[in-house]
>>> print(open('structure-v4.cif').read())   # mmCIF, C-alpha atoms and all ligand atoms
data_structure
#
loop_
_atom_site.group_PDB
_atom_site.id
_atom_site.type_symbol
_atom_site.label_atom_id
_atom_site.label_comp_id
_atom_site.auth_asym_id
_atom_site.auth_seq_id
_atom_site.Cartn_x
_atom_site.Cartn_y
_atom_site.Cartn_z
ATOM 1 C CA MET Y 1 -35.478 10.356 2.577
ATOM 2 C CA LEU Y 2 -32.017 8.891 2.050
ATOM 3 C CA LEU Y 3 -29.971 7.256 4.809
ATOM 4 C CA GLY Y 4 -26.243 6.747 4.292
ATOM 5 C CA VAL Y 5 -24.553 4.117 6.472
ATOM 6 C CA PHE Y 6 -20.772 4.377 6.846
ATOM 7 C CA ALA Y 7 -17.935 3.070 8.982
ATOM 8 C CA HIS Y 8 -15.781 6.199 9.319
ATOM 9 C CA PRO Y 9 -16.186 9.961 9.063
ATOM 10 C CA ASP Y 10 -14.848 10.779 5.537
ATOM 11 C CA ASP Y 11 -16.315 7.621 3.910
ATOM 12 C CA GLU Y 12 -19.377 9.684 2.997
ATOM 13 C CA SER Y 13 -17.414 12.467 1.312
ATOM 14 C CA TYR Y 14 -14.635 10.558 -0.477
ATOM 15 C CA GLY Y 15 -17.166 7.891 -1.463
ATOM 16 C CA PRO Y 16 -20.691 8.768 -2.601
ATOM 17 C CA GLY Y 17 -20.472 12.426 -1.530
ATOM 18 C CA GLY Y 18 -21.729 13.595 -4.917
ATOM 19 C CA ALA Y 19 -24.819 11.398 -4.727
ATOM 20 C CA LEU Y 20 -25.543 12.557 -1.175
ATOM 21 C CA ALA Y 21 -25.141 16.230 -2.088
ATOM 22 C CA ARG Y 22 -27.200 15.767 -5.253
ATOM 23 C CA ALA Y 23 -30.021 14.097 -3.319
ATOM 24 C CA ALA Y 24 -30.085 16.967 -0.822
ATOM 25 C CA LEU Y 25 -30.012 19.575 -3.594
ATOM 26 C CA GLU Y 26 -32.901 17.783 -5.302
ATOM 27 C CA GLY Y 27 -34.996 18.069 -2.164
ATOM 28 C CA ALA Y 28 -34.465 14.758 -0.366
ATOM 29 C CA GLU Y 29 -33.873 14.646 3.363
ATOM 30 C CA VAL Y 30 -30.428 13.059 3.822
ATOM 31 C CA ARG Y 31 -29.146 11.540 7.056
ATOM 32 C CA LEU Y 32 -25.841 9.847 7.815
ATOM 33 C CA LEU Y 33 -24.993 7.092 10.279
ATOM 34 C CA PHE Y 34 -21.348 6.464 11.222
ATOM 35 C CA PHE Y 35 -20.356 3.403 13.180
ATOM 36 C CA THR Y 36 -17.055 4.839 14.484
ATOM 37 C CA CYS Y 37 -15.486 8.235 15.051
ATOM 38 C CA GLY Y 38 -12.385 7.060 13.143
ATOM 39 C CA GLU Y 39 -10.108 7.142 16.175
ATOM 40 C CA ALA Y 40 -7.726 4.513 14.739
ATOM 41 C CA GLY Y 41 -6.936 6.532 11.599
ATOM 42 C CA THR Y 42 -3.345 6.548 10.336
ATOM 43 C CA ILE Y 43 -3.425 9.193 7.614
ATOM 44 C CA GLY Y 44 -1.207 12.252 8.073
ATOM 45 C CA ILE Y 45 -1.570 13.925 11.462
ATOM 46 C CA SER Y 46 -3.957 11.161 12.626
ATOM 47 C CA LYS Y 47 -1.145 8.797 13.546
ATOM 48 C CA ASP Y 48 0.440 11.385 15.869
ATOM 49 C CA LEU Y 49 -2.684 12.298 17.823
ATOM 50 C CA PRO Y 50 -3.939 10.497 20.940
ATOM 51 C CA ARG Y 51 -7.036 8.474 20.035
ATOM 52 C CA GLU Y 52 -9.370 10.584 22.197
ATOM 53 C CA GLU Y 53 -8.154 13.757 20.516
ATOM 54 C CA LEU Y 54 -8.451 12.257 17.017
ATOM 55 C CA CYS Y 55 -11.970 11.062 17.858
ATOM 56 C CA ARG Y 56 -12.918 14.533 19.086
ATOM 57 C CA ARG Y 57 -11.562 16.222 15.970
ATOM 58 C CA ARG Y 58 -13.157 13.744 13.605
ATOM 59 C CA ARG Y 59 -16.548 14.181 15.272
ATOM 60 C CA VAL Y 60 -16.325 17.895 14.495
ATOM 61 C CA GLU Y 61 -15.185 17.141 10.936
ATOM 62 C CA ALA Y 62 -18.071 14.695 10.438
ATOM 63 C CA ALA Y 63 -20.545 17.352 11.559
ATOM 64 C CA ARG Y 64 -19.062 19.967 9.220
ATOM 65 C CA ALA Y 65 -18.928 17.581 6.256
ATOM 66 C CA SER Y 66 -22.507 16.388 6.844
ATOM 67 C CA GLU Y 67 -23.689 19.979 6.895
ATOM 68 C CA THR Y 68 -21.691 20.793 3.764
ATOM 69 C CA LEU Y 69 -23.266 17.879 1.902
ATOM 70 C CA GLY Y 70 -26.681 19.218 2.881
ATOM 71 C CA ALA Y 71 -27.559 16.426 5.307
ATOM 72 C CA ALA Y 72 -30.362 17.134 7.768
ATOM 73 C CA GLY Y 73 -28.465 15.284 10.486
ATOM 74 C CA HIS Y 74 -25.923 12.628 11.341
ATOM 75 C CA ARG Y 75 -25.196 10.208 14.150
ATOM 76 C CA ILE Y 76 -21.927 8.624 15.302
ATOM 77 C CA LEU Y 77 -22.304 5.379 17.230
ATOM 78 C CA GLY Y 78 -18.764 5.383 18.618
ATOM 79 C CA LEU Y 79 -18.092 1.679 18.110
ATOM 80 C CA PRO Y 80 -14.404 0.668 17.898
ATOM 81 C CA ASP Y 81 -12.604 1.780 14.732
ATOM 82 C CA ARG Y 82 -10.831 -1.034 12.827
ATOM 83 C CA ARG Y 83 -12.709 -3.595 14.924
ATOM 84 C CA LEU Y 84 -16.236 -3.507 13.512
ATOM 85 C CA SER Y 85 -15.799 -7.070 12.295
ATOM 86 C CA GLU Y 86 -15.680 -8.022 16.001
ATOM 87 C CA VAL Y 87 -18.941 -6.228 16.848
ATOM 88 C CA PRO Y 88 -21.671 -8.836 17.482
ATOM 89 C CA GLU Y 89 -23.723 -9.200 14.299
ATOM 90 C CA GLU Y 90 -27.008 -8.518 16.113
ATOM 91 C CA GLU Y 91 -25.666 -5.292 17.637
ATOM 92 C CA GLY Y 92 -24.573 -3.983 14.239
ATOM 93 C CA ILE Y 93 -27.863 -4.921 12.560
ATOM 94 C CA ARG Y 94 -29.913 -3.450 15.410
ATOM 95 C CA ALA Y 95 -28.103 -0.109 15.119
ATOM 96 C CA VAL Y 96 -29.137 0.216 11.467
ATOM 97 C CA ILE Y 97 -32.702 -0.951 12.168
ATOM 98 C CA GLU Y 98 -33.067 1.677 14.900
ATOM 99 C CA GLU Y 99 -31.978 4.377 12.462
ATOM 100 C CA ILE Y 100 -34.467 3.058 9.871
ATOM 101 C CA ARG Y 101 -37.278 3.124 12.436
ATOM 102 C CA ALA Y 102 -36.377 6.636 13.580
ATOM 103 C CA HIS Y 103 -36.221 8.213 10.114
ATOM 104 C CA ARG Y 104 -38.071 5.862 7.725
ATOM 105 C CA PRO Y 105 -35.792 6.320 4.692
ATOM 106 C CA GLN Y 106 -37.007 5.254 1.255
ATOM 107 C CA VAL Y 107 -33.439 4.702 0.079
ATOM 108 C CA ILE Y 108 -30.379 3.405 1.927
ATOM 109 C CA LEU Y 109 -26.843 3.805 0.691
ATOM 110 C CA THR Y 110 -23.760 2.054 2.023
ATOM 111 C CA PHE Y 111 -20.403 0.738 0.805
ATOM 112 C CA HIS Y 112 -20.146 -2.251 -1.500
ATOM 113 C CA ARG Y 113 -20.158 -5.543 0.402
ATOM 114 C CA LEU Y 114 -16.504 -6.164 -0.531
ATOM 115 C CA GLY Y 115 -15.628 -2.883 1.146
ATOM 116 C CA VAL Y 116 -14.405 -0.881 -1.916
ATOM 117 C CA SER Y 117 -10.939 -0.591 -0.364
ATOM 118 C CA GLY Y 118 -11.397 -3.967 1.292
ATOM 119 C CA HIS Y 119 -11.374 -2.356 4.762
ATOM 120 C CA PRO Y 120 -12.947 -4.925 7.148
ATOM 121 C CA ASP Y 121 -15.006 -2.137 8.788
ATOM 122 C CA HIS Y 122 -16.581 -1.303 5.407
ATOM 123 C CA VAL Y 123 -17.353 -4.972 4.829
ATOM 124 C CA ALA Y 124 -18.957 -5.233 8.277
ATOM 125 C CA ILE Y 125 -21.258 -2.206 7.915
ATOM 126 C CA ALA Y 126 -22.360 -3.317 4.439
ATOM 127 C CA ARG Y 127 -23.308 -6.705 5.909
ATOM 128 C CA PHE Y 128 -25.168 -5.143 8.877
ATOM 129 C CA THR Y 129 -27.047 -2.830 6.498
ATOM 130 C CA GLN Y 130 -28.042 -5.604 4.081
ATOM 131 C CA GLU Y 131 -29.503 -7.649 6.899
ATOM 132 C CA ALA Y 132 -31.220 -4.609 8.468
ATOM 133 C CA PHE Y 133 -32.826 -3.824 5.096
ATOM 134 C CA ARG Y 134 -34.034 -7.418 4.780
ATOM 135 C CA ARG Y 135 -35.487 -7.469 8.302
ATOM 136 C CA ALA Y 136 -37.192 -4.069 7.955
ATOM 137 C CA GLY Y 137 -39.760 -5.884 5.789
ATOM 138 C CA ALA Y 138 -42.575 -4.458 3.715
ATOM 139 C CA GLU Y 139 -42.771 -1.281 5.805
ATOM 140 C CA GLY Y 140 -39.052 -0.644 5.418
ATOM 141 C CA PRO Y 141 -36.919 1.208 2.846
ATOM 142 C CA LEU Y 142 -37.597 0.559 -0.847
ATOM 143 C CA LYS Y 143 -34.038 0.375 -2.170
ATOM 144 C CA LEU Y 144 -30.571 -0.448 -0.870
ATOM 145 C CA TYR Y 145 -27.608 0.734 -2.931
ATOM 146 C CA GLU Y 146 -23.919 -0.069 -2.476
ATOM 147 C CA TRP Y 147 -21.370 2.494 -3.625
ATOM 148 C CA ALA Y 148 -18.756 0.755 -5.760
ATOM 149 C CA ILE Y 149 -15.894 1.279 -8.197
ATOM 150 C CA PRO Y 150 -16.458 -0.664 -11.452
ATOM 151 C CA ARG Y 151 -13.559 -2.649 -12.886
ATOM 152 C CA SER Y 152 -13.402 -0.426 -15.982
ATOM 153 C CA LYS Y 153 -12.506 2.548 -13.744
ATOM 154 C CA ALA Y 154 -10.195 0.734 -11.337
ATOM 155 C CA SER Y 155 -7.016 1.369 -13.313
ATOM 156 C CA LEU Y 156 -7.498 5.109 -12.705
ATOM 157 C CA TYR Y 157 -6.834 4.528 -9.021
ATOM 158 C CA ARG Y 158 -3.297 3.347 -9.614
ATOM 159 C CA GLY Y 159 -1.445 2.494 -6.453
ATOM 160 C CA ARG Y 160 -4.578 2.501 -4.286
ATOM 161 C CA ARG Y 161 -5.800 -0.716 -2.733
ATOM 162 C CA LEU Y 162 -9.142 -1.336 -4.361
ATOM 163 C CA ILE Y 163 -11.628 -4.180 -4.778
ATOM 164 C CA PRO Y 164 -13.583 -3.219 -7.900
ATOM 165 C CA VAL Y 165 -16.817 -4.879 -8.986
ATOM 166 C CA ALA Y 166 -17.754 -6.255 -12.401
ATOM 167 C CA ASP Y 167 -19.244 -3.535 -14.607
ATOM 168 C CA GLU Y 168 -22.315 -5.731 -15.148
ATOM 169 C CA GLU Y 169 -23.070 -5.395 -11.419
ATOM 170 C CA ILE Y 170 -23.509 -1.614 -11.681
ATOM 171 C CA ALA Y 171 -27.218 -0.700 -11.611
ATOM 172 C CA ALA Y 172 -27.016 3.083 -11.263
ATOM 173 C CA ILE Y 173 -24.597 5.617 -12.708
ATOM 174 C CA LEU Y 174 -25.124 9.069 -11.263
ATOM 175 C CA ALA Y 175 -23.857 12.145 -13.050
ATOM 176 C CA ILE Y 176 -22.712 14.595 -10.385
ATOM 177 C CA PRO Y 177 -23.843 18.113 -11.295
ATOM 178 C CA PRO Y 178 -21.426 21.007 -10.645
ATOM 179 C CA ALA Y 179 -23.191 22.265 -7.496
ATOM 180 C CA ALA Y 180 -23.102 18.790 -5.937
ATOM 181 C CA MET Y 181 -19.463 18.330 -7.005
ATOM 182 C CA GLU Y 182 -18.443 21.544 -5.255
ATOM 183 C CA ARG Y 183 -20.196 20.377 -2.093
ATOM 184 C CA LYS Y 184 -18.444 17.026 -2.304
ATOM 185 C CA LEU Y 185 -14.993 18.605 -2.624
ATOM 186 C CA GLU Y 186 -15.760 21.077 0.154
ATOM 187 C CA ALA Y 187 -16.942 18.215 2.386
ATOM 188 C CA ILE Y 188 -13.720 16.296 1.673
ATOM 189 C CA ARG Y 189 -11.725 19.340 2.754
ATOM 190 C CA ARG Y 190 -13.721 19.529 5.997
ATOM 191 C CA HIS Y 191 -11.952 16.328 7.036
ATOM 192 C CA GLU Y 192 -8.761 18.205 7.882
ATOM 193 C CA THR Y 193 -7.115 15.309 9.705
ATOM 194 C CA GLN Y 194 -7.493 13.187 6.532
ATOM 195 C CA ILE Y 195 -6.429 15.816 4.022
ATOM 196 C CA GLU Y 196 -3.295 13.884 2.975
ATOM 197 C CA PHE Y 197 -5.633 11.359 1.382
ATOM 198 C CA TYR Y 198 -7.149 14.092 -0.763
ATOM 199 C CA GLU Y 199 -3.679 15.347 -1.668
ATOM 200 C CA GLU Y 200 -2.766 11.826 -2.764
ATOM 201 C CA LEU Y 201 -5.881 11.622 -4.956
ATOM 202 C CA VAL Y 202 -4.994 14.952 -6.528
ATOM 203 C CA ARG Y 203 -1.490 13.576 -7.254
ATOM 204 C CA ILE Y 204 -3.059 10.523 -8.901
ATOM 205 C CA PHE Y 205 -5.797 12.291 -10.851
ATOM 206 C CA GLY Y 206 -4.690 15.865 -11.248
ATOM 207 C CA ASP Y 207 -8.218 17.225 -11.074
ATOM 208 C CA PHE Y 208 -10.144 14.856 -8.791
ATOM 209 C CA ARG Y 209 -13.428 16.248 -10.219
ATOM 210 C CA GLU Y 210 -12.730 14.405 -13.460
ATOM 211 C CA ALA Y 211 -12.336 11.068 -11.638
ATOM 212 C CA THR Y 212 -15.528 11.439 -9.662
ATOM 213 C CA ARG Y 213 -17.887 13.181 -12.108
ATOM 214 C CA GLU Y 214 -19.884 9.963 -12.099
ATOM 215 C CA GLU Y 215 -20.591 7.729 -9.095
ATOM 216 C CA PHE Y 216 -21.461 4.060 -9.449
ATOM 217 C CA PHE Y 217 -23.868 1.922 -7.456
ATOM 218 C CA VAL Y 218 -24.939 -1.681 -7.150
ATOM 219 C CA LEU Y 219 -28.626 -2.208 -6.349
ATOM 220 C CA SER Y 220 -28.119 -4.587 -3.474
ATOM 221 C CA ASP Y 221 -31.790 -5.131 -2.662
ATOM 222 C CA THR Y 222 -35.128 -3.569 -3.584
ATOM 223 C CA ARG Y 223 -38.830 -3.894 -2.862
ATOM 224 C CA LEU Y 224 -39.654 -2.262 -6.207
ATOM 225 C CA PRO Y 225 -39.581 -4.058 -9.567
ATOM 226 C CA ARG Y 226 -35.949 -4.441 -10.738
ATOM 227 C CA PRO Y 227 -35.254 -1.642 -13.252
ATOM 228 C CA ALA Y 228 -34.768 -2.758 -16.853
ATOM 229 C CA GLY Y 229 -31.826 -0.469 -17.578
ATOM 230 C CA ILE Y 230 -29.126 1.510 -15.795
ATOM 231 C CA GLU Y 231 -30.662 4.091 -13.460
ATOM 232 C CA ASP Y 232 -29.354 7.645 -13.140
ATOM 233 C CA ASP Y 233 -31.210 8.594 -9.962
ATOM 234 C CA LEU Y 234 -31.252 6.761 -6.612
ATOM 235 C CA PHE Y 235 -34.899 7.815 -6.240
ATOM 236 C CA ALA Y 236 -35.934 6.410 -9.643
ATOM 237 C CA GLY Y 237 -39.363 4.809 -9.295
ATOM 238 C CA ILE Y 238 -40.097 6.607 -6.006
ATOM 239 C CA ALA Y 239 -42.674 9.402 -6.290
ATOM 240 C CA ASP Y 240 -41.853 11.279 -3.091
ATOM 241 C CA ARG Y 241 -38.241 12.050 -2.159
ATOM 242 C CA GLY Y 242 -39.253 13.013 1.363
HETATM 243 ZN ZN ZN Y 301 -13.639 4.098 5.791
#
>>> encode(input="structure-v4.cif", output="C-alpha cells")
Amino acid sequence: MLLGVFAHPDDESYGPGGALARAALEGAEVRLLFFTCGEAGTIGISKDLPREELCRRRRVEAARASETLGAAGHRILGLPDRRLSEVPEEEGIRAVIEEIRAHRPQVILTFHRLGVSGHPDHVAIARFTQEAFRRAGAEGPLKLYEWAIPRSKASLYRGRRLIPVADEEIAAILAIPPAAMERKLEAIRRHETQIEFYEELVRIFGDFREATREEFFVLSDTRLPRPAGIEDDLFAGIADRG
C-alpha cells in the first residue's frame, strides 16, 4: 500500500502522478492525504473565486483526480492553504501518523524537503511526513520517498521557480508506462481551476509527456537495507504491494 502526502490538490497529479498511477496499475492500494483544499490558489480562475467556492471546487477536482490515478481513497484535512508552516509541528505530524495507523502503508511518498517549487506548504508537509515516518517505528512504513527534480533536468523548466536536488541524491528513477502517463495527464486535466498551469507547461515543453516520462525520487528514509543502485520501482525489496 502506498500513501501519498501532499499540501494541495494538484500536487499529486503535476508531481508524482505517473508513479501513483503506475503503482495502482501494478496492483498496489494507493491513498492520498491532502493538508489543504487549496483555497488560496492564484492560478487562472482561482484568483477570482471566493475562497469557499474555490475550496469546494478543488475538493471535487481532488476526488476526480484521485479516482483517475486509480487511488482507493483520499482525505483532505482542510488546514489553511499557504499557512502550513504556521501549523503546530505536533498537529502536522499527528495527522500523518493517524493516516499511517489507519491504512498501514508500506511506502510513503511526499514532496522533496526543499519543496520542489520552494512553496513553504510543501516544505512543511515534507517535514511532518519525515518525522511521522521516524516515529511510526518498526511497525511503520518501510520506505519514505521524496519526489524531486534533479539538477540535470532543471533547465527544462525554464522560467519556473524550482529548487532542484543534486543528481547524486536521486535513489529511484521511475519510467512511466503509457497507461500510467495517460492517467497522469487526465488527472492533471481534472484540476480545471488550475488548468492554466498545465497550459504553461505545454508552452514550455510542447509535449509535456516527454518532460515527465521519468519521475525522480530521493529515498528519504528506509527500514530496509539501502539499495546498492538506482531503483526503478518504489516497491523494490517489498514482496507484497498490498
Ligand atoms: Zn502545491
>>> residues_around(input="structure-v4.cif", residues="stretch 64-79 of chain Y", least_positions_apart="4", cutoff="7 Å", atoms="only C-alpha atoms", output="list in words")
Leu20, Ala21, Ala24, Glu29, Val30, Arg31, Leu32, Leu33, Phe34, Phe35, Thr36, Cys37, Val60, Arg183, Lys184, Glu186, Ala187 and Arg190 of chain Y
>>> residues_near_ligand(input="structure-v4.cif", ligand="ligand ZN 301 (chain Y)", cutoff="12 Å", atoms="all atoms listed in the file", output="JSON, numbers by chain")
{"Y": [5, 6, 7, 8, 9, 10, 11, 12, 13, 14, 15, 16, 34, 35, 36, 37, 38, 39, 40, 41, 42, 43, 81, 82, 83, 84, 110, 111, 112, 115, 116, 117, 118, 119, 120, 121, 122, 123, 124, 125, 126, 194, 197]}
>>> resolve_selection(input="structure-v4.cif", expression="the PyMOL selection byres (((chain Y and resi 236) around 12) and not hetatm)", output="ChimeraX atom specification")
/Y:23,106-107,142-143,171-174,219,222,224-235,237-241
>>> write_last_selection(input="structure-v4.cif", atoms="C-alpha atoms", output="PDB file, in the frame of the given file")
ATOM      1  CA  ALA Y  23     -30.021  14.097  -3.319  1.00  0.00           C
ATOM      2  CA  GLN Y 106     -37.007   5.254   1.255  1.00  0.00           C
ATOM      3  CA  VAL Y 107     -33.439   4.702   0.079  1.00  0.00           C
ATOM      4  CA  LEU Y 142     -37.597   0.559  -0.847  1.00  0.00           C
ATOM      5  CA  LYS Y 143     -34.038   0.375  -2.170  1.00  0.00           C
ATOM      6  CA  ALA Y 171     -27.218  -0.700 -11.611  1.00  0.00           C
ATOM      7  CA  ALA Y 172     -27.016   3.083 -11.263  1.00  0.00           C
ATOM      8  CA  ILE Y 173     -24.597   5.617 -12.708  1.00  0.00           C
ATOM      9  CA  LEU Y 174     -25.124   9.069 -11.263  1.00  0.00           C
ATOM     10  CA  LEU Y 219     -28.626  -2.208  -6.349  1.00  0.00           C
ATOM     11  CA  THR Y 222     -35.128  -3.569  -3.584  1.00  0.00           C
ATOM     12  CA  LEU Y 224     -39.654  -2.262  -6.207  1.00  0.00           C
ATOM     13  CA  PRO Y 225     -39.581  -4.058  -9.567  1.00  0.00           C
ATOM     14  CA  ARG Y 226     -35.949  -4.441 -10.738  1.00  0.00           C
ATOM     15  CA  PRO Y 227     -35.254  -1.642 -13.252  1.00  0.00           C
ATOM     16  CA  ALA Y 228     -34.768  -2.758 -16.853  1.00  0.00           C
ATOM     17  CA  GLY Y 229     -31.826  -0.469 -17.578  1.00  0.00           C
ATOM     18  CA  ILE Y 230     -29.126   1.510 -15.795  1.00  0.00           C
ATOM     19  CA  GLU Y 231     -30.662   4.091 -13.460  1.00  0.00           C
ATOM     20  CA  ASP Y 232     -29.354   7.645 -13.140  1.00  0.00           C
ATOM     21  CA  ASP Y 233     -31.210   8.594  -9.962  1.00  0.00           C
ATOM     22  CA  LEU Y 234     -31.252   6.761  -6.612  1.00  0.00           C
ATOM     23  CA  PHE Y 235     -34.899   7.815  -6.240  1.00  0.00           C
ATOM     24  CA  GLY Y 237     -39.363   4.809  -9.295  1.00  0.00           C
ATOM     25  CA  ILE Y 238     -40.097   6.607  -6.006  1.00  0.00           C
ATOM     26  CA  ALA Y 239     -42.674   9.402  -6.290  1.00  0.00           C
ATOM     27  CA  ASP Y 240     -41.853  11.279  -3.091  1.00  0.00           C
ATOM     28  CA  ARG Y 241     -38.241  12.050  -2.159  1.00  0.00           C
TER      29      ARG Y 241
END
>>> closest_residue(input="structure-v4.cif", among="Y:Asp167, Y:Glu26, Y:Asp221, Y:Glu131", to="Y:Glu91", atoms="all atoms listed in the file")
Y:Glu131
>>> residues_near_point(input="structure-v4.cif", point="(-30.5, -4.7, 13.0)", cutoff="7 Å", atoms="only C-alpha atoms", output="VMD selection string")
chain Y and resid 90 to 97 128 131 to 132
>>> residues_around(input="structure-v4.cif", residues="Y:Val218", least_positions_apart="2", cutoff="7 Å", atoms="all atoms listed in the file", output="PDB file with C-alpha atoms, in the coordinates of the input")
ATOM      1  CA  TYR Y 145     -27.608   0.734  -2.931  1.00  0.00           C
ATOM      2  CA  GLU Y 146     -23.919  -0.069  -2.476  1.00  0.00           C
ATOM      3  CA  TRP Y 147     -21.370   2.494  -3.625  1.00  0.00           C
ATOM      4  CA  ALA Y 148     -18.756   0.755  -5.760  1.00  0.00           C
ATOM      5  CA  GLU Y 169     -23.070  -5.395 -11.419  1.00  0.00           C
ATOM      6  CA  ILE Y 170     -23.509  -1.614 -11.681  1.00  0.00           C
ATOM      7  CA  ALA Y 171     -27.218  -0.700 -11.611  1.00  0.00           C
ATOM      8  CA  ALA Y 172     -27.016   3.083 -11.263  1.00  0.00           C
ATOM      9  CA  SER Y 220     -28.119  -4.587  -3.474  1.00  0.00           C
TER      10      SER Y 220
END
>>> closest_residue(input="structure-v4.cif", among="Y:Val87, Y:Leu185, Y:Leu54, Y:Ile100", to="Y:Met1", atoms="only C-alpha atoms")
Y:Ile100
>>> resolve_selection(input="structure-v4.cif", expression="the PyMOL selection byres (((chain Y and resi 165) around 6) and not hetatm)", output="list of chain:residue names")
Y:Pro150, Y:Arg151, Y:Pro164, Y:Ala166
>>> atom_distance(input="structure-v4.cif", atom1="atom CA of Y:Gly159", atom2="atom CA of Y:Glu210")
17.8 Å
>>> atom_distance(input="structure-v4.cif", atom1="atom CA of Y:Ala154", atom2="atom CA of Y:Ala19")
19.3 Å
>>> residues_around(input="structure-v4.cif", residues="Y:Pro178", least_positions_apart="6", cutoff="10 Å", atoms="all atoms listed in the file", output="PyMOL selection string")
chain Y and resi 18+22+184+209+213
>>> closest_residue(input="structure-v4.cif", among="Y:Leu156, Y:Ala62, Y:Leu2, Y:Ile45", to="Y:Arg189", atoms="only C-alpha atoms")
Y:Ala62
>>> axis_aligned_box(input="structure-v4.cif", around="stretch 35-43 of chain Y", padding_each_side="3 Å", output="AutoDock Vina command-line options")
--center_x -11.9 --center_y 6.3 --center_z 11.9 --size_x 23.0 --size_y 11.8 --size_z 14.6
>>> residues_around(input="structure-v4.cif", residues="Y:Ile204", least_positions_apart="2", cutoff="10 Å", atoms="all atoms listed in the file", output="PyMOL selection string")
chain Y and resi 156-160+198-202+206-208+211
>>> closest_residue(input="structure-v4.cif", among="Y:Glu168, Y:Glu215, Y:Leu162, Y:Leu109", to="Y:Pro141", atoms="only C-alpha atoms")
Y:Leu109
